[in-house]
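Here is the structure we will look at.
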Amino acid sequence: EESESVQLQELAKEESAGNHTLLDALHLQATDPHAPAQEYGELKLCVRTYMALTATLLGLQSDLYKKLFTIWKILDSKIVQERCLFFCPLLCRKIQWAILTDGHEFFSTHLSPDNFKNGPPPYPESSINAIHNIIKFQIPIGRGNLPEKWKPTQEQQNLKRCPPMLDFTNTYSS
């Protein structure tokens with residue numbers, strides 16, 4: 001009976017060898033995700049990565065993907081590349097946050113089987129194109145819901161000088 005119990009324990013250990021323990025899972029949840037974009041190159045990479053994820057999940061014809069691609073083309077344009085030094089940490093993070101909150105709004109549109117009874121339903125649309133000129137001309141975004149963790153320290157902010165903060169709250173808000 002005791003040897004059978006030991007054998008069952010050994011078998012359970014072998015079968016669950018690749019699984020995380022509760023402590024492992026708690027530790028994984030406690031670790032912080034990557035820091036948000038600090039400068040132009042990181043912001044461009046974040047947009048490109050989010051585009052790839054969106055294309056994989058929704059396809060190249062998705063409204064969200066198309067608008068993210070337009071943002072990436074703006075970031076990749078010669079006029080913006082020449083002004084890449086004006087992308088301070090705060091501006092990069094607010095642009096990244098605007099993209100993430102738009103994605104959240106886009107994906108929070110729920111469709112049920114009833115929506116498909118009379119043909120294709122109206123699919124969600126992204127409103128992220130509202131920040132095209134903000135990116136193109138490095139206009140500061142007045143957003144009150146930027147997470148505290150995302151706000152750059154004064155030292156980080158001083159490394160790259162942001163343009164003076166103007167109130168463009170009505171230009172883009174989510």
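Chains: A, B, ... in order of the structure tokens. Residues: from 1 per chain. Ligands: from 1, in order shown.
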Residues near His132 (chain A), cut-off 12 Å, only C-alpha atoms, skip fewer than 2 positions along chain, as a ChimeraX atom specification:
/A:67-75,77,80,95,98-99,127-130,134-139,141,171-172
What's the 12 Å shell around Gln96 (chain A), counting only C-alpha atoms, without same-chain residues fewer than 4 positions away, as a PyMOL selection string?
chain A and resi 35-40+42-50+68+71-72+87+89-92+100-103+128+131+135+141+143+146-147+150
